[in-house]
Amino acid sequence: MDIEIIEMADRKAKFVLKNSSPAMANALRRTLLSDIPKMAIDTVEFYTGKIEGDDGKEYESITPLFEEIIAHRLGMLPVPTDLDLFVPQSECECGGEGCPSCTIMYSLQKTGPATVLSSDLLPLGGPNSDKLRIVDEFIPIVELTADQGITVYAKAVMGTAKKHVKWQVCNGVGYKYMPVIEIDPKHASDDAVVACAELCPAGLEVKNKKLVVKDPIACGYAKGCLEKLDETEGVTVNWDDTNFLFKYETDGSLTAQQALDIAIDLLSKEAKGFADDIKAL
């Protein structure tokens, strides 16, 4: 199994999985979706009562939204994740009680009129606190009117999307078989065949008055060329079930490269563990 990177940005990636199988491609897809660990807000505490703003004025700690809705919104925020700094609570020496090795503490206090944004959620303590600020700064949480305020304390812990989608790093994970486009040289110069380049300008082009394959990865599988022609007249499009084109994005808690590296490492460990179990039998 090989991987050829086509595009690798901070939050999105495109690559070709080569010399593999549909089973392995689907295993990689499911691992990217469900098995990559990340930090996410899991516990939210709301302060009720009077709060004092920076202007010395008293505000009522109340918002137009139910606390459950705000807690859910906070849970879906992309918390930056460093797997070298944090471990799951189940594996932590504190026994899951919450410590700097397994928990990130956040606080939020704001008064209206204002829109509460993700940037208002501040990490508490530690030399690396600035690196733990929410990745996207302008995600709206709730709108406060005059005389309203909010005070919240939240805890972020590590988990995977198997338990809840708030721990899902990758989204839009999908793959498709690589296309195999073949052009019969006997008909490559036919007017009808050459016209296929207009239907798929990204995948096909005309050189020396002959239709040739420009970029098979850009083939959109619309098969407009086959609808225009009979397959026996020059162009055929088939599937290659050993090579797959993958695309995915991340929420920013991990980079696209980190997500891919972790997914491959998890698959490798699972395969080795399965092999060891078979040998033990």
# chains A, B, ... in the order shown; residues from 1 in each chain; ligands from 1
call {"tool": "closest_atom_pairs", "arguments": {"of": "range 168-210 of chain A", "to": "range 36-48 of chain A", "cutoff": "12 Å", "atoms": "only C-alpha atoms", "output": "Markdown table"}}
result
| residue | atom | partner | partner_atom | distance |
| --- | --- | --- | --- | --- |
| A:Gln168 | CA | A:Ile36 | CA | 7.4 |
| A:Val169 | CA | A:Ile36 | CA | 6.7 |
| A:Cys170 | CA | A:Ile36 | CA | 8.4 |
| A:Asn171 | CA | A:Ile36 | CA | 11.7 |
call {"tool": "residues_around", "arguments": {"residues": "Val237 in chain A", "least_positions_apart": "3", "cutoff": "7 Å", "atoms": "only C-alpha atoms", "output": "JSON, numbers by chain"}}
result
{"A": [179, 180, 181, 182]}
call {"tool": "residues_around", "arguments": {"residues": "range 185-192 of chain A", "least_positions_apart": "3", "cutoff": "7 Å", "atoms": "only C-alpha atoms", "output": "list in words"}}
result
Ala195, Cys196, Lys209, Lys210, Leu211, Glu233 and Gly234 of chain A
call {"tool": "residues_around", "arguments": {"residues": "range 250-264 of chain A", "least_positions_apart": "2", "cutoff": "9 Å", "atoms": "only C-alpha atoms", "output": "MDAnalysis selection string"}}
result
chainID A and resid 8:13 28:29 31:32 35:39 77:82 134:136 168:172 248 266:269
call {"tool": "select_by_dssp", "arguments": {"residues": "range 24-268 of chain A", "states": "helix (DSSP H, G or I)", "output": "PyMOL selection string"}}
result
chain A and resi 24-34+67-75+89-91+118-120+129-132+165-167+191-194+196-199+216-218+224-228+231-233+256-268
call {"tool": "closest_atom_pairs", "arguments": {"of": "range 131-153 of chain A", "to": "range 99-123 of chain A", "cutoff": "6 Å", "atoms": "only C-alpha atoms", "output": "JSON lines"}}
result
{"residue": "A:Glu137", "atom": "CA", "partner": "A:Ser119", "partner_atom": "CA", "distance": 4.5}
{"residue": "A:Phe138", "atom": "CA", "partner": "A:Leu117", "partner_atom": "CA", "distance": 5.5}
{"residue": "A:Ile139", "atom": "CA", "partner": "A:Ser118", "partner_atom": "CA", "distance": 5.2}
{"residue": "A:Pro140", "atom": "CA", "partner": "A:Leu117", "partner_atom": "CA", "distance": 4.5}
{"residue": "A:Ile141", "atom": "CA", "partner": "A:Val116", "partner_atom": "CA", "distance": 5.4}
{"residue": "A:Val142", "atom": "CA", "partner": "A:Val116", "partner_atom": "CA", "distance": 5.3}
{"residue": "A:Glu143", "atom": "CA", "partner": "A:Thr115", "partner_atom": "CA", "distance": 4.5}
{"residue": "A:Leu144", "atom": "CA", "partner": "A:Gly112", "partner_atom": "CA", "distance": 4.8}
{"residue": "A:Thr145", "atom": "CA", "partner": "A:Pro113", "partner_atom": "CA", "distance": 4.4}
{"residue": "A:Ala146", "atom": "CA", "partner": "A:Pro113", "partner_atom": "CA", "distance": 4.6}
{"residue": "A:Gln148", "atom": "CA", "partner": "A:Gly112", "partner_atom": "CA", "distance": 5.4}
{"residue": "A:Gly149", "atom": "CA", "partner": "A:Thr111", "partner_atom": "CA", "distance": 4.0}
{"residue": "A:Ile150", "atom": "CA", "partner": "A:Gln109", "partner_atom": "CA", "distance": 5.5}
{"residue": "A:Thr151", "atom": "CA", "partner": "A:Gln109", "partner_atom": "CA", "distance": 4.4}
{"residue": "A:Val152", "atom": "CA", "partner": "A:Leu108", "partner_atom": "CA", "distance": 5.0}
{"residue": "A:Tyr153", "atom": "CA", "partner": "A:Ser107", "partner_atom": "CA", "distance": 4.5}
